Amino acid sequence: MNKYLSIFKTSFSQEFAYKLNFVMWRLRNVLQIFVLFFFWSTIFSDPSRMVFGYDRGKILTYVFGVMIVKAVVFSARTVDIAGDIAKGDLANYLLKPISYFKYWLTRDLSSKALNLIFAVGETLILFFILKPPFYLQTNPWLILAFILSLVLAILIFFYFLLLCNMVAFWAPEMGWAVQFLLVIIIGEFLSGSFIPLDIFPLGVQKVFYALPFPYLIFFPLQVYLGKISLAFTLSGLLISIAWVLILGFFANFIWRRGLRRFAAEGR
């Protein structure tokens, strides 16, 4: 445990070594919130208006909730694994008495902790500037379910990123491209990062719910807002657990297969 705590502390301090990347990531998220805020504020200019089961308070809470949940779920250092594989640096980790998966999960958690601190600060600043109505969940069971859904979302995204990065075992030059396509383009949209997924037709929603992406952002926020039934909440949590087990199984399976191909040329 002590060695992973040391990894956490070291990784947390290293986050400041890439100040420009971090600032651009945070700026991108803030600009996204601004765009979404004014978009939905225009639609809900009438405070009494209800659209897709949302009132003004809940939809704007969703918008600000995206900033917090995204900081917890989507911020990760695991994106660097493809580079380690392609350059042969993976060999350095295989010689150390640590679990490679736990090492990167620990680094991910340090990144999430830093991003969460900034996301909360940014949310508070924007809240006082924009003064939106805010929906405060008081049901302790829903708050507990929301926290559990976040933990599961972190694990789903972690294993999903691992699988994306392991493409580099077979196509070293494709690791980043796969991440960009599946995470930045497809993942963010299907996770509900831009718009709530329940505005789509029911048949389309069923297709979305068969994928792991809605359980990263959309589902946790639906739980917090109390927009889904207890049965659907429990069902969603069970599906999230299933995705963690499925993705974890395939991540370990492909990892073992990938190591057989890994040659660490030039190391």
# chains A, B, ... in the order shown; residues from 1 in each chain; ligands from 1

$ closest_atom_pairs --of "segment 159-207 of chain A" --to "segment 34-45 of chain A" --cutoff "12 Å" --atoms "only C-alpha atoms" --output "Markdown table"
| residue | atom | partner | partner_atom | distance |
| --- | --- | --- | --- | --- |
| A:Ser193 | CA | A:Leu36 | CA | 10.0 |
| A:Phe194 | CA | A:Leu36 | CA | 7.5 |
| A:Ile195 | CA | A:Leu36 | CA | 8.3 |
| A:Pro196 | CA | A:Leu36 | CA | 11.0 |

$ residues_around --residues "segment 201-205 of chain A" --least-positions-apart "3" --cutoff "12 Å" --atoms "only C-alpha atoms" --output "PyMOL selection string"
chain A and resi 52+190-192+196-198+208-211+213-214+218-219

$ write_last_selection --atoms "C-alpha atoms" --output "short mmCIF file (atom, residue, chain, number, x, y, z; two decimals), in the first residue's frame"
data_model
loop_
_atom_site.label_atom_id
_atom_site.label_comp_id
_atom_site.auth_asym_id
_atom_site.auth_seq_id
_atom_site.Cartn_x
_atom_site.Cartn_y
_atom_site.Cartn_z
CA PHE A 52 -37.80 15.99 -21.86
CA LEU A 190 -22.48 8.66 -25.97
CA SER A 191 -21.65 9.32 -22.32
CA GLY A 192 -24.02 12.31 -22.25
CA PRO A 196 -28.64 14.27 -21.96
CA LEU A 197 -29.25 10.97 -23.71
CA ASP A 198 -32.92 10.80 -22.73
CA PHE A 208 -27.10 3.48 -25.97
CA TYR A 209 -27.82 1.64 -22.73
CA ALA A 210 -26.44 -1.57 -24.21
CA LEU A 211 -23.04 0.16 -24.39
CA PHE A 213 -20.62 4.83 -22.32
CA PRO A 214 -23.89 6.08 -20.72
CA PHE A 218 -25.29 10.27 -17.99
CA PHE A 219 -26.36 7.50 -15.60
#

$ residues_around --residues "segment 142-149 of chain A" --least-positions-apart "4" --cutoff "7 Å" --atoms "only C-alpha atoms" --output "ChimeraX atom specification"
/A:153,220,223-224,237

$ write_last_selection --atoms "C-alpha atoms" --output "CSV table (one decimal), in the first residue's frame"
chain,number,residue,atom,x,y,z
A,153,ALA,CA,-17.7,4.7,-13.9
A,220,PRO,CA,-24.6,8.9,-12.5
A,223,VAL,CA,-29.3,9.0,-10.3
A,224,TYR,CA,-28.3,12.3,-8.6
A,237,LEU,CA,-25.7,-0.3,-11.1

$ closest_residue --among "A:Tyr135, A:Phe253, A:Tyr100, A:Ile7" --to "Lys227 of chain A" --atoms "only C-alpha atoms"
A:Tyr135

$ residues_around --residues "segment 93-99 of chain A" --least-positions-apart "5" --cutoff "12 Å" --atoms "only C-alpha atoms" --output "ChimeraX atom specification"
/A:1-4,7,81,84-85,88,104-106,252,259,262,264

$ write_last_selection --atoms "N, CA and C atoms" --output "PDB file, in the first residue's frame"
ATOM      1  N   MET A   1       0.826  -1.208   0.000  1.00  0.00           N
ATOM      2  CA  MET A   1       0.000   0.000   0.000  1.00  0.00           C
ATOM      3  C   MET A   1       0.865   1.265   0.000  1.00  0.00           C
ATOM      4  N   ASN A   2       1.974   1.225   0.753  1.00  0.00           N
ATOM      5  CA  ASN A   2       2.848   2.398   0.838  1.00  0.00           C
ATOM      6  C   ASN A   2       3.441   2.775  -0.517  1.00  0.00           C
ATOM      7  N   LYS A   3       3.775   1.749  -1.316  1.00  0.00           N
ATOM      8  CA  LYS A   3       4.389   2.060  -2.615  1.00  0.00           C
ATOM      9  C   LYS A   3       3.389   2.733  -3.548  1.00  0.00           C
ATOM     10  N   TYR A   4       2.114   2.348  -3.458  1.00  0.00           N
ATOM     11  CA  TYR A   4       1.112   2.977  -4.316  1.00  0.00           C
ATOM     12  C   TYR A   4       0.767   4.381  -3.809  1.00  0.00           C
ATOM     13  N   ILE A   7       3.431   6.437  -5.236  1.00  0.00           N
ATOM     14  CA  ILE A   7       3.149   6.661  -6.659  1.00  0.00           C
ATOM     15  C   ILE A   7       2.105   7.759  -6.817  1.00  0.00           C
ATOM     16  N   ILE A  81      -0.136   4.936 -21.835  1.00  0.00           N
ATOM     17  CA  ILE A  81       0.326   3.549 -21.944  1.00  0.00           C
ATOM     18  C   ILE A  81       0.724   3.194 -23.370  1.00  0.00           C
ATOM     19  N   ASP A  84       4.207   4.131 -24.021  1.00  0.00           N
ATOM     20  CA  ASP A  84       5.157   3.240 -23.352  1.00  0.00           C
ATOM     21  C   ASP A  84       5.353   1.944 -24.143  1.00  0.00           C
ATOM     22  N   ILE A  85       4.252   1.418 -24.665  1.00  0.00           N
ATOM     23  CA  ILE A  85       4.343   0.176 -25.437  1.00  0.00           C
ATOM     24  C   ILE A  85       5.094   0.408 -26.743  1.00  0.00           C
ATOM     25  N   GLY A  88       8.802   0.994 -26.170  1.00  0.00           N
ATOM     26  CA  GLY A  88       9.515  -0.065 -25.458  1.00  0.00           C
ATOM     27  C   GLY A  88       9.721   0.230 -23.994  1.00  0.00           C
ATOM     28  N   TRP A 104      -1.090   2.212 -12.900  1.00  0.00           N
ATOM     29  CA  TRP A 104      -1.772   3.217 -13.719  1.00  0.00           C
ATOM     30  C   TRP A 104      -3.094   3.647 -13.103  1.00  0.00           C
ATOM     31  N   LEU A 105      -3.774   2.778 -12.399  1.00  0.00           N
ATOM     32  CA  LEU A 105      -5.001   3.186 -11.702  1.00  0.00           C
ATOM     33  C   LEU A 105      -4.666   4.210 -10.629  1.00  0.00           C
ATOM     34  N   THR A 106      -3.538   4.002  -9.933  1.00  0.00           N
ATOM     35  CA  THR A 106      -3.104   4.962  -8.917  1.00  0.00           C
ATOM     36  C   THR A 106      -2.779   6.307  -9.551  1.00  0.00           C
ATOM     37  N   ASN A 252      -7.339  -7.941 -19.078  1.00  0.00           N
ATOM     38  CA  ASN A 252      -6.332  -8.900 -18.614  1.00  0.00           C
ATOM     39  C   ASN A 252      -5.985  -9.919 -19.688  1.00  0.00           C
ATOM     40  N   LEU A 259       1.638  -9.093 -24.240  1.00  0.00           N
ATOM     41  CA  LEU A 259       2.987  -9.280 -23.704  1.00  0.00           C
ATOM     42  C   LEU A 259       3.780 -10.323 -24.499  1.00  0.00           C
ATOM     43  N   PHE A 262       5.290  -8.368 -27.249  1.00  0.00           N
ATOM     44  CA  PHE A 262       6.141  -7.242 -26.864  1.00  0.00           C
ATOM     45  C   PHE A 262       7.606  -7.636 -26.906  1.00  0.00           C
ATOM     46  N   ALA A 264      10.223  -4.930 -26.975  1.00  0.00           N
ATOM     47  CA  ALA A 264      11.024  -3.826 -26.430  1.00  0.00           C
ATOM     48  C   ALA A 264      12.251  -3.550 -27.274  1.00  0.00           C
TER      49      ALA A 264
END

$ atom_distance --atom1 "atom CA of Thr78 of chain A" --atom2 "atom CA of Asp108 of chain A"
6.5 Å

$ atom_distance --atom1 "atom CA of Ala76 of chain A" --atom2 "atom CA of Ser110 of chain A"
8.5 Å
